[in-house]
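Heads up, final-v3.txt below (compact mmCIF, C-alpha atoms and all ligand atoms):
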```
# COMPACT_ATOMS: atom_id res chain seq x y z
CA MET Y 1 93.10 117.23 159.80
CA GLU Y 2 92.69 120.57 158.09
CA VAL Y 3 89.45 121.40 156.29
CA ILE Y 4 90.04 123.92 153.54
CA TYR Y 5 87.48 125.57 151.29
CA LYS Y 6 89.54 128.00 149.20
CA ILE Y 7 91.96 127.27 146.37
CA SER Y 8 94.27 130.09 147.51
CA GLU Y 9 94.53 128.50 150.98
CA ILE Y 10 95.20 124.95 149.87
CA LYS Y 11 97.85 126.20 147.42
CA LYS Y 12 99.79 127.79 150.30
CA ILE Y 13 99.70 124.54 152.28
CA ILE Y 14 100.73 122.43 149.28
CA LYS Y 15 103.65 124.77 148.63
CA GLN Y 16 104.75 124.31 152.22
CA LYS Y 17 104.49 120.50 152.04
CA LYS Y 18 106.44 120.47 148.76
CA SER Y 19 109.16 122.58 150.36
CA GLU Y 20 109.39 119.92 153.10
CA ALA Y 21 109.80 117.29 150.33
CA LYS Y 22 106.62 115.52 151.45
CA THR Y 23 104.97 113.18 148.92
CA ILE Y 24 101.34 114.02 148.36
CA GLY Y 25 98.63 111.41 147.87
CA PHE Y 26 95.30 112.57 146.50
CA VAL Y 27 91.83 111.02 146.44
CA PRO Y 28 89.25 113.04 144.50
CA THR Y 29 85.66 112.26 145.49
CA MET Y 30 82.15 113.65 145.31
CA GLY Y 31 81.63 112.98 149.01
CA ALA Y 32 78.94 110.92 150.75
CA LEU Y 33 81.93 108.81 151.71
CA HIS Y 34 81.57 105.06 152.11
CA ASP Y 35 84.02 102.22 152.69
CA GLY Y 36 84.91 102.17 148.98
CA HIS Y 37 86.21 105.73 149.23
CA LEU Y 38 87.87 104.96 152.55
CA SER Y 39 89.81 102.06 150.99
CA LEU Y 40 91.36 104.50 148.49
CA ILE Y 41 92.15 106.95 151.27
CA LYS Y 42 93.78 104.26 153.43
CA LYS Y 43 95.99 103.29 150.50
CA SER Y 44 97.04 106.90 150.10
CA VAL Y 45 97.75 107.23 153.84
CA ASP Y 46 99.92 104.09 153.53
CA GLU Y 47 101.77 105.18 150.42
CA ALA Y 48 102.17 108.96 150.73
CA ASP Y 49 103.47 111.33 153.41
CA TYR Y 50 100.51 113.69 153.18
CA THR Y 51 96.99 112.72 152.08
CA VAL Y 52 94.58 115.18 150.54
CA ILE Y 53 91.01 114.32 149.63
CA SER Y 54 88.63 116.55 147.76
CA ILE Y 55 84.89 116.61 148.14
CA PHE Y 56 83.28 118.29 145.19
CA VAL Y 57 80.01 117.37 143.52
CA ASN Y 58 81.08 118.37 140.07
CA PRO Y 59 78.17 120.06 138.26
CA ILE Y 60 79.75 119.78 134.82
CA GLN Y 61 79.90 116.00 134.86
CA PHE Y 62 76.13 115.73 135.26
CA ALA Y 63 73.93 116.03 132.21
CA ILE Y 64 70.62 117.90 132.33
CA GLY Y 65 68.02 115.70 134.03
CA GLU Y 66 70.60 113.71 136.01
CA ASP Y 67 70.83 113.71 139.81
CA TYR Y 68 73.15 116.69 140.49
CA GLU Y 69 70.63 118.43 142.76
CA LYS Y 70 69.70 115.40 144.80
CA TYR Y 71 73.18 113.81 144.92
CA PRO Y 72 73.77 112.91 148.62
CA ARG Y 73 75.78 115.54 150.51
CA ASP Y 74 76.85 115.26 154.16
CA LEU Y 75 80.04 117.21 154.76
CA LYS Y 76 79.89 116.88 158.56
CA LYS Y 77 79.81 113.09 158.34
CA ASP Y 78 82.49 113.08 155.62
CA ILE Y 79 84.79 115.19 157.81
CA LYS Y 80 84.41 112.68 160.66
CA LEU Y 81 85.06 109.69 158.40
CA ALA Y 82 88.05 111.33 156.71
CA LYS Y 83 89.57 112.16 160.10
CA SER Y 84 89.08 108.58 161.28
CA VAL Y 85 91.23 107.15 158.46
CA GLY Y 86 94.08 109.63 158.72
CA VAL Y 87 93.39 112.23 156.02
CA ASP Y 88 95.68 115.27 156.47
CA LEU Y 89 93.69 117.77 154.45
CA LEU Y 90 90.10 117.73 153.25
CA PHE Y 91 89.47 120.17 150.42
CA ALA Y 92 85.81 121.09 149.91
CA PRO Y 93 85.65 123.97 147.45
CA ASP Y 94 82.41 125.50 146.28
CA ALA Y 95 81.44 125.37 142.63
CA PHE Y 96 82.19 129.03 142.05
CA ASP Y 97 85.76 128.81 143.35
CA ILE Y 98 86.44 125.89 141.01
CA LEU Y 99 84.48 126.95 137.94
CA GLY Y 100 84.23 130.73 138.18
CA ASP Y 101 81.56 132.29 135.99
CA ASN Y 102 83.37 132.14 132.68
CA LEU Y 103 85.14 128.82 132.23
CA LEU Y 104 86.27 128.59 128.61
CA THR Y 105 88.88 125.85 128.81
CA TYR Y 106 87.89 122.20 128.94
CA VAL Y 107 89.77 118.92 128.81
CA ASP Y 108 88.19 116.52 126.39
CA ILE Y 109 89.31 113.01 125.54
CA ASN Y 110 88.63 111.22 122.29
CA LYS Y 111 87.84 107.56 121.64
CA LEU Y 112 88.06 106.30 125.24
CA SER Y 113 84.96 108.30 126.06
CA ASP Y 114 82.95 107.18 123.01
CA ASN Y 115 81.63 103.94 124.49
CA LEU Y 116 80.01 102.74 127.75
CA CYS Y 117 79.11 105.63 130.08
CA GLY Y 118 80.24 108.13 127.43
CA LEU Y 119 77.50 106.91 125.10
CA ASN Y 120 74.49 107.91 127.15
CA ARG Y 121 76.05 110.53 129.42
CA GLN Y 122 76.97 113.19 126.90
CA GLY Y 123 79.75 115.47 128.14
CA HIS Y 124 80.26 113.40 131.28
CA PHE Y 125 83.94 112.63 130.78
CA ARG Y 126 84.68 116.12 129.52
CA GLY Y 127 83.32 117.35 132.85
CA VAL Y 128 85.30 114.75 134.79
CA CYS Y 129 88.60 115.39 132.97
CA THR Y 130 88.30 119.16 133.22
CA ILE Y 131 87.75 119.10 136.98
CA VAL Y 132 90.27 116.34 137.71
CA ALA Y 133 92.89 118.27 135.69
CA LYS Y 134 92.09 121.41 137.68
CA LEU Y 135 92.29 119.51 140.97
CA PHE Y 136 95.61 117.99 139.90
CA ASN Y 137 96.95 121.49 139.23
CA ILE Y 138 95.72 122.69 142.61
CA VAL Y 139 96.83 119.71 144.73
CA GLU Y 140 99.96 118.76 142.73
CA PRO Y 141 99.89 115.17 143.98
CA ASN Y 142 102.64 112.61 143.42
CA LYS Y 143 100.05 109.85 143.46
CA ALA Y 144 96.31 109.89 142.85
CA PHE Y 145 94.05 107.00 143.80
CA PHE Y 146 91.09 105.95 141.65
CA GLY Y 147 88.63 103.08 142.08
CA LYS Y 148 88.20 100.35 139.49
CA LYS Y 149 84.49 100.76 140.25
CA ASP Y 150 84.57 103.57 137.66
CA ILE Y 151 86.72 101.59 135.27
CA GLN Y 152 86.25 103.78 132.20
CA GLN Y 153 87.07 106.86 134.26
CA LEU Y 154 90.24 105.16 135.52
CA TYR Y 155 91.48 104.42 131.98
CA ILE Y 156 90.54 107.92 130.85
CA ILE Y 157 92.38 109.62 133.71
CA LYS Y 158 95.45 107.45 133.09
CA LYS Y 159 95.45 108.52 129.45
CA MET Y 160 94.84 112.18 130.29
CA VAL Y 161 97.80 112.14 132.69
CA GLN Y 162 99.97 110.62 129.98
CA ASP Y 163 98.76 112.95 127.21
CA LEU Y 164 99.02 116.14 129.27
CA ASN Y 165 102.32 115.22 130.94
CA PHE Y 166 101.06 115.35 134.50
CA ASP Y 167 103.81 113.92 136.67
CA ILE Y 168 101.36 111.86 138.70
CA ASP Y 169 101.23 108.15 139.39
CA ILE Y 170 97.63 106.94 138.97
CA VAL Y 171 96.99 104.09 141.40
CA PRO Y 172 94.06 101.77 140.58
CA CYS Y 173 92.20 100.40 143.61
CA PRO Y 174 89.88 97.35 143.81
CA ILE Y 175 86.09 97.60 143.90
CA LEU Y 176 84.70 97.38 147.42
CA ARG Y 177 81.42 95.53 147.73
CA GLU Y 178 78.73 95.12 150.35
CA LYS Y 179 78.68 91.71 152.09
CA ASP Y 180 76.16 90.40 149.55
CA GLY Y 181 78.21 91.63 146.57
CA LEU Y 182 76.57 94.92 145.57
CA ALA Y 183 79.30 97.38 144.62
CA MET Y 184 79.44 100.23 147.14
CA SER Y 185 78.23 103.52 145.73
CA SER Y 186 77.03 106.84 147.11
CA ARG Y 187 73.94 106.30 144.97
CA ASN Y 188 72.93 103.08 146.79
CA VAL Y 189 71.10 105.27 149.33
CA TYR Y 190 68.53 106.06 146.64
CA LEU Y 191 67.39 102.42 146.54
CA SER Y 192 64.19 101.33 148.29
CA LYS Y 193 64.29 98.04 150.19
CA ASP Y 194 62.89 96.12 147.21
CA GLU Y 195 65.21 97.88 144.76
CA ARG Y 196 68.20 97.16 147.01
CA HIS Y 197 67.25 93.51 146.78
CA ASP Y 198 66.80 93.65 142.98
CA ALA Y 199 70.12 95.51 142.55
CA LEU Y 200 71.94 92.32 143.54
CA ILE Y 201 71.12 90.95 140.10
CA ILE Y 202 74.01 93.03 138.75
CA TYR Y 203 76.56 91.23 140.89
CA LYS Y 204 74.87 87.87 140.36
CA SER Y 205 74.95 88.31 136.60
CA ILE Y 206 78.66 89.17 136.71
CA ASN Y 207 79.30 86.01 138.69
CA ASN Y 208 77.27 84.02 136.23
CA ALA Y 209 79.26 85.48 133.34
CA ILE Y 210 82.54 84.60 135.04
CA GLU Y 211 81.36 81.03 135.44
CA ILE Y 212 80.36 80.78 131.77
CA ILE Y 213 83.69 82.27 130.67
CA ASN Y 214 85.64 79.97 133.01
CA ASN Y 215 83.81 77.06 131.40
CA GLY Y 216 85.27 78.04 128.05
CA GLU Y 217 82.77 80.44 126.45
CA THR Y 218 84.60 83.07 124.41
CA SER Y 219 81.73 84.65 122.50
CA SER Y 220 81.09 88.12 123.84
CA GLU Y 221 77.61 88.09 122.30
CA ILE Y 222 76.58 84.88 124.08
CA VAL Y 223 77.85 86.08 127.46
CA ILE Y 224 76.23 89.50 127.08
CA ASN Y 225 72.90 87.98 126.09
CA LYS Y 226 72.94 85.66 129.11
CA ILE Y 227 73.56 88.63 131.39
CA LYS Y 228 70.84 90.69 129.73
CA ASN Y 229 68.33 87.85 130.03
CA MET Y 230 69.11 87.46 133.71
CA ILE Y 231 68.80 91.18 134.45
CA ASN Y 232 65.63 91.58 132.40
CA LEU Y 233 63.86 89.12 134.70
CA LYS Y 234 63.83 91.83 137.37
CA LYS Y 235 60.92 94.17 136.86
CA SER Y 236 62.66 97.18 138.40
CA ALA Y 237 65.76 96.77 136.22
CA LYS Y 238 66.35 98.55 132.94
CA ILE Y 239 69.63 97.96 131.17
CA ASP Y 240 71.58 100.99 130.00
CA TYR Y 241 74.42 98.84 128.63
CA VAL Y 242 76.08 95.48 129.06
CA LYS Y 243 79.34 95.31 127.14
CA ILE Y 244 82.65 93.56 126.96
CA VAL Y 245 85.44 95.88 125.86
CA ASN Y 246 89.20 95.97 125.56
CA GLU Y 247 91.47 98.50 127.28
CA ASN Y 248 90.68 101.02 124.55
CA MET Y 249 87.01 100.75 125.51
CA GLU Y 250 86.19 99.09 122.17
CA ASP Y 251 83.60 96.33 121.95
CA ILE Y 252 85.22 92.97 121.38
CA ILE Y 253 83.90 89.82 119.72
CA LYS Y 254 86.09 87.12 121.26
CA ILE Y 255 86.72 87.33 124.99
CA SER Y 256 90.26 87.22 126.33
CA LYS Y 257 92.10 88.04 129.56
CA HIS Y 258 92.05 91.71 130.64
CA ASN Y 259 88.86 92.45 128.69
CA ILE Y 260 86.38 94.34 130.78
CA LEU Y 261 82.82 93.25 131.36
CA ALA Y 262 81.00 96.51 132.12
CA LEU Y 263 77.38 97.15 133.03
CA ALA Y 264 75.15 100.11 133.70
CA VAL Y 265 71.67 99.27 134.90
CA TYR Y 266 68.82 101.39 136.17
CA ILE Y 267 67.18 99.91 139.24
CA GLY Y 268 64.04 101.98 139.41
CA LYS Y 269 65.38 105.48 138.79
CA THR Y 270 68.86 104.77 140.15
CA ARG Y 271 71.61 104.16 137.63
CA LEU Y 272 74.20 101.73 138.97
CA ILE Y 273 77.46 100.69 137.34
CA ASP Y 274 79.66 97.70 137.93
CA ASN Y 275 82.35 95.81 136.08
CA HIS Y 276 84.78 92.95 136.15
CA ILE Y 277 88.17 92.58 134.52
CA ILE Y 278 88.34 89.09 133.00
CA GLY Y 279 90.96 86.98 134.74
CA GLU Y 280 91.05 89.07 137.92
CA LYS Y 281 89.65 87.97 141.26
CA LEU Y 282 86.26 89.37 142.29
CA CYS Y 283 86.86 91.06 145.60
CA TYR Y 284 84.93 92.66 148.45
P1 LIG H 301 82.89 109.27 143.58
O1 LIG H 301 82.77 109.96 144.89
O2 LIG H 301 81.76 108.34 143.27
O3 LIG H 301 83.24 110.20 142.44
O4 LIG H 301 84.15 108.30 143.71
C1 LIG H 301 85.40 108.77 144.09
C2 LIG H 301 86.42 107.67 143.91
O5 LIG H 301 86.04 106.56 144.71
C3 LIG H 301 86.50 107.16 142.46
O6 LIG H 301 87.86 106.91 142.13
C4 LIG H 301 85.70 105.90 142.51
O7 LIG H 301 86.06 104.95 141.53
C5 LIG H 301 86.02 105.39 143.89
N1 LIG H 301 84.98 104.47 144.34
C6 LIG H 301 83.64 104.68 144.40
N2 LIG H 301 83.01 103.56 144.80
C7 LIG H 301 83.97 102.63 145.01
C8 LIG H 301 83.97 101.25 145.42
N3 LIG H 301 82.84 100.62 145.69
N4 LIG H 301 85.15 100.61 145.52
C9 LIG H 301 86.31 101.25 145.22
N5 LIG H 301 86.38 102.52 144.82
C10 LIG H 301 85.23 103.21 144.72
```
Any chance you could give the structure as structure tokens?
Ligand code: AMP
Amino acid sequence: MEVIYKISEIKKIIKQKKSEAKTIGFVPTMGALHDGHLSLIKKSVDEADYTVISIFVNPIQFAIGEDYEKYPRDLKKDIKLAKSVGVDLLFAPDAFDILGDNLLTYVDINKLSDNLCGLNRQGHFRGVCTIVAKLFNIVEPNKAFFGKKDIQQLYIIKKMVQDLNFDIDIVPCPILREKDGLAMSSRNVYLSKDERHDALIIYKSINNAIEIINNGETSSEIVINKIKNMINLKKSAKIDYVKIVNENMEDIIKISKHNILALAVYIGKTRLIDNHIIGEKLCY
């Protein structure tokens, strides 16, 4: 596995791979790799000739006061993990190489970023789209793998690829969960033992919602209120949002298949997100 830090170097390698007609699979990440990331990488290794992953904690997707500074970083460990699952090239640029000191061009997306995480994380998706577009231009993948864990991001990237005519197949990948159901996240390391225990309420409330919906409830309001009541019983939990939306990220009134139940909840100071697509199987 090659570990590359400079855009100019990775571009040379990509050019070479393209000249050999190799298909390139790409998994963009912010590092602190866990099994969720590794599941995306394994899919890429399966489906593409040459797998590139990026590790870049993107400063412009964090708002002021968020956890950019303390976001977990462990490149040594990430290199080991990436090697173990067959990554061909790990790209770990520094912020200056990616952003320079005078970035004037941004990729912004309307409507899809107005709800859910876009509501309370101003500029978040603008930061995500700008960097993902840059990475796509650098890596020139045939396929890029994104987790359903960040469901709004997945829909946004799909639309960006369509709108900007990137010739890239966006491959959605299932949410990986811990044995007890908590969605894997690099941020789970922030949780104290008690908070880790309380965080399970997110998964439990999703399960409860699925049961209510399977029993015939179609009112989004009723389901959302049940979830909120459940989560509010935990002292350490503070709800950012609980919503049921359609594929355009619009709130819906009557629940139907393919709607997305999406939650963001602070457990202590840690903001966790999770979701479930109605009608799909919950998986681990
Ligand atoms: P991040 O490093 O958090 O930016 O995530 C990089 C990619 O991994 C994104 O496409 C995420 O959706 C995906 N990802 C993160 N956590 C999980 C998980 N638990 N299951 C599946 N994919 C995940």
Item to complete: Using all atoms listed in the file, pick whichever of Y:Pro172, Y:Gly127, Y:Pro59, Y:Gly65 has the shortest atom-to-atom distance to Gly147 in chain Y.
Response: Y:Pro172
Worksheet entry | Distance criterion (only C-alpha atoms and all ligand atoms): nearest to ligand LIG 301 (chain H) out of Y:Val45, Y:Leu40, Y:Ile206, Y:Cys129 |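 For ligand LIG 301 (chain H), the nearest of the given residues is Y:Leu40.
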Worksheet item: How many Å separate CA of Ser256 in chain Y from CA of Asp108 in chain Y?
Response: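 Distance between the two atoms: 29.4 Å.
For the choices Y:Asn110, Y:Gln152, Y:Asn142, Y:Ser219, the atom-to-atom distance to ligand LIG 301 (chain H) is smallest for Y:Gln152 when using only C-alpha atoms and all ligand atoms.
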Worksheet entry | Residue with smallest distance to Ile7 in chain Y - pool Y:Ile260, Y:Ile64, Y:Ile201, Y:Leu99, counting only C-alpha atoms | Y:Leu99
Worksheet item: Taking all atoms listed in the file into account, which residues are within 6 Å of ligand LIG 301 (chain H), as a ChimeraX atom specification?
Response: /Y:28-31,36-37,146-150,174-177,183-185
Resulting file, chosen residues, C-alpha atoms, as a compact mmCIF listing (two decimals), keeping the file's coordinate frame:
```
# COMPACT_ATOMS: atom_id res chain seq x y z
CA PRO Y 28 89.25 113.04 144.50
CA THR Y 29 85.66 112.26 145.49
CA MET Y 30 82.15 113.65 145.31
CA GLY Y 31 81.63 112.98 149.01
CA GLY Y 36 84.91 102.17 148.98
CA HIS Y 37 86.21 105.73 149.23
CA PHE Y 146 91.09 105.95 141.65
CA GLY Y 147 88.63 103.08 142.08
CA LYS Y 148 88.20 100.35 139.49
CA LYS Y 149 84.49 100.76 140.25
CA ASP Y 150 84.57 103.57 137.66
CA PRO Y 174 89.88 97.35 143.81
CA ILE Y 175 86.09 97.60 143.90
CA LEU Y 176 84.70 97.38 147.42
CA ARG Y 177 81.42 95.53 147.73
CA ALA Y 183 79.30 97.38 144.62
CA MET Y 184 79.44 100.23 147.14
CA SER Y 185 78.23 103.52 145.73
```
Please produce, as JSON lines, a per-residue contact table for range 35-77 of chain Y versus range 133-137 of chain Y (criterion: any atom at most 12 Å away, all atoms listed in the file considered), showing the nearest atom pair and its distance in Å to one decimal, sorted by chain then residue number.
```
{"residue": "Y:Val52", "atom": "CA", "partner": "Y:Leu135", "partner_atom": "CA", "distance": 10.8}
{"residue": "Y:Ile53", "atom": "CA", "partner": "Y:Leu135", "partner_atom": "CA", "distance": 10.2}
{"residue": "Y:Ser54", "atom": "CA", "partner": "Y:Leu135", "partner_atom": "CA", "distance": 8.3}
{"residue": "Y:Ile55", "atom": "CA", "partner": "Y:Leu135", "partner_atom": "CA", "distance": 10.7}
{"residue": "Y:Phe56", "atom": "CA", "partner": "Y:Leu135", "partner_atom": "CA", "distance": 10.0}
{"residue": "Y:Asn58", "atom": "CA", "partner": "Y:Leu135", "partner_atom": "CA", "distance": 11.3}
```
Worksheet item: Hey, which of Y:Lys43, Y:Ile4, Y:Ser186, Y:Glu140 ends up closest to Asp74 in chain Y? Count all atoms listed in the file.
Response: Y:Ser186
Worksheet entry | Top pick for closest residue to Asp49 in chain Y, considering Y:Ala209, Y:Ile278, Y:Ala21, Y:Ile253 and counting all atoms listed in the file |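 Closest residue, counting all atoms listed in the file: Y:Ala21.
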Practice prompt. Rounded to one decimal place, report the CA of Ala199 in chain Y-CA of Phe145 in chain Y distance in Å.
Written response: 26.6 Å
Worksheet entry | Who sits within 10 Å of Asn259 in chain Y, only C-alpha atoms, same chain under 3 positions skipped, as a PyMOL selection string | chain Y and resi 244-252+254-256+262+276-279
Fill in: Close residues, Ser205 in chain Y itself excluded, 10 Å, only C-alpha atoms, min 3 positions apart in chain, as number ranges by chain
Y: 200-202, 208-211, 223-224, 226-231, 263
Worksheet item: Any idea what's packed within 12 Å of range 188-194 of chain Y, counting all atoms listed in the file, ignoring anything in its chain fewer than 3 positions away? Could you give it as an MDAnalysis selection string?
Response: chainID Y and resid 32:34 67 70:73 177:178 182:185 197:200 234:237 266:273
Worksheet item: What does the distance from CA of Asp274 in chain Y to CA of Ile109 in chain Y come to in Å, to one decimal?
Response: 21.9 Å
Discussion item. Every residue with an atom at most 10 Å from (101.2, 119.0, 151.3) (file coordinates; only C-alpha atoms) is what I'm after, so could you write them as number ranges by chain?
Written reply: Y: 10-26, 49-52, 88-89, 139-141
Since the input is missing atoms for range 25-35 of chain Y, could you rebuild it with all heavy atoms and give the result as a compact mmCIF listing (two decimals), keeping the file's coordinate frame?
```
# COMPACT_ATOMS: atom_id res chain seq x y z
N GLY Y 25 99.60 112.36 148.43
CA GLY Y 25 98.63 111.41 147.87
C GLY Y 25 97.29 112.10 147.79
O GLY Y 25 96.93 112.88 148.69
N PHE Y 26 96.55 111.83 146.73
CA PHE Y 26 95.30 112.57 146.50
C PHE Y 26 94.17 111.61 146.13
O PHE Y 26 94.34 110.74 145.28
CB PHE Y 26 95.53 113.58 145.37
CG PHE Y 26 94.31 114.41 145.02
CD1 PHE Y 26 93.48 114.92 146.01
CD2 PHE Y 26 94.00 114.69 143.69
CE1 PHE Y 26 92.36 115.68 145.69
CE2 PHE Y 26 92.89 115.45 143.35
CZ PHE Y 26 92.07 115.95 144.36
N VAL Y 27 93.03 111.80 146.77
CA VAL Y 27 91.83 111.02 146.44
C VAL Y 27 90.69 111.98 146.13
O VAL Y 27 90.09 112.56 147.04
CB VAL Y 27 91.42 110.09 147.62
CG1 VAL Y 27 90.21 109.25 147.22
CG2 VAL Y 27 92.58 109.21 148.06
N PRO Y 28 90.39 112.19 144.84
CA PRO Y 28 89.25 113.04 144.50
C PRO Y 28 87.94 112.28 144.67
O PRO Y 28 87.83 111.13 144.24
CB PRO Y 28 89.48 113.38 143.01
CG PRO Y 28 90.58 112.50 142.53
CD PRO Y 28 91.12 111.71 143.67
N THR Y 29 86.97 112.91 145.29
CA THR Y 29 85.66 112.26 145.49
C THR Y 29 84.54 113.30 145.33
O THR Y 29 84.80 114.50 145.32
CB THR Y 29 85.49 111.64 146.90
OG1 THR Y 29 85.10 112.68 147.83
CG2 THR Y 29 86.75 110.99 147.40
N MET Y 30 83.32 112.76 145.27
CA MET Y 30 82.15 113.65 145.31
C MET Y 30 81.47 113.58 146.68
O MET Y 30 80.33 114.00 146.84
CB MET Y 30 81.16 113.28 144.20
CG MET Y 30 81.78 113.48 142.81
SD MET Y 30 80.59 113.84 141.53
CE MET Y 30 79.59 112.37 141.57
N GLY Y 31 82.18 113.02 147.65
CA GLY Y 31 81.63 112.98 149.01
C GLY Y 31 80.62 111.88 149.20
O GLY Y 31 80.56 110.93 148.43
N ALA Y 32 79.81 112.01 150.29
CA ALA Y 32 78.94 110.92 150.75
C ALA Y 32 79.82 109.67 150.88
O ALA Y 32 79.54 108.62 150.30
CB ALA Y 32 77.76 110.68 149.80
N LEU Y 33 80.88 109.84 151.65
CA LEU Y 33 81.93 108.81 151.71
C LEU Y 33 81.39 107.48 152.25
O LEU Y 33 80.59 107.44 153.17
CB LEU Y 33 83.08 109.29 152.60
CG LEU Y 33 83.80 110.57 152.14
CD1 LEU Y 33 84.93 110.91 153.12
CD2 LEU Y 33 84.33 110.46 150.72
N HIS Y 34 81.87 106.41 151.63
CA HIS Y 34 81.57 105.06 152.11
C HIS Y 34 82.88 104.28 152.16
O HIS Y 34 83.95 104.82 151.81
CB HIS Y 34 80.52 104.39 151.21
CG HIS Y 34 80.85 104.44 149.74
ND1 HIS Y 34 81.91 103.75 149.19
CD2 HIS Y 34 80.28 105.11 148.71
CE1 HIS Y 34 81.97 103.98 147.90
NE2 HIS Y 34 81.00 104.82 147.57
N ASP Y 35 82.79 103.00 152.53
CA ASP Y 35 84.02 102.22 152.69
C ASP Y 35 84.84 102.10 151.41
O ASP Y 35 86.05 101.91 151.46
CB ASP Y 35 83.70 100.81 153.22
CG ASP Y 35 83.35 100.85 154.69
OD1 ASP Y 35 83.59 101.90 155.33
OD2 ASP Y 35 82.83 99.85 155.21
```
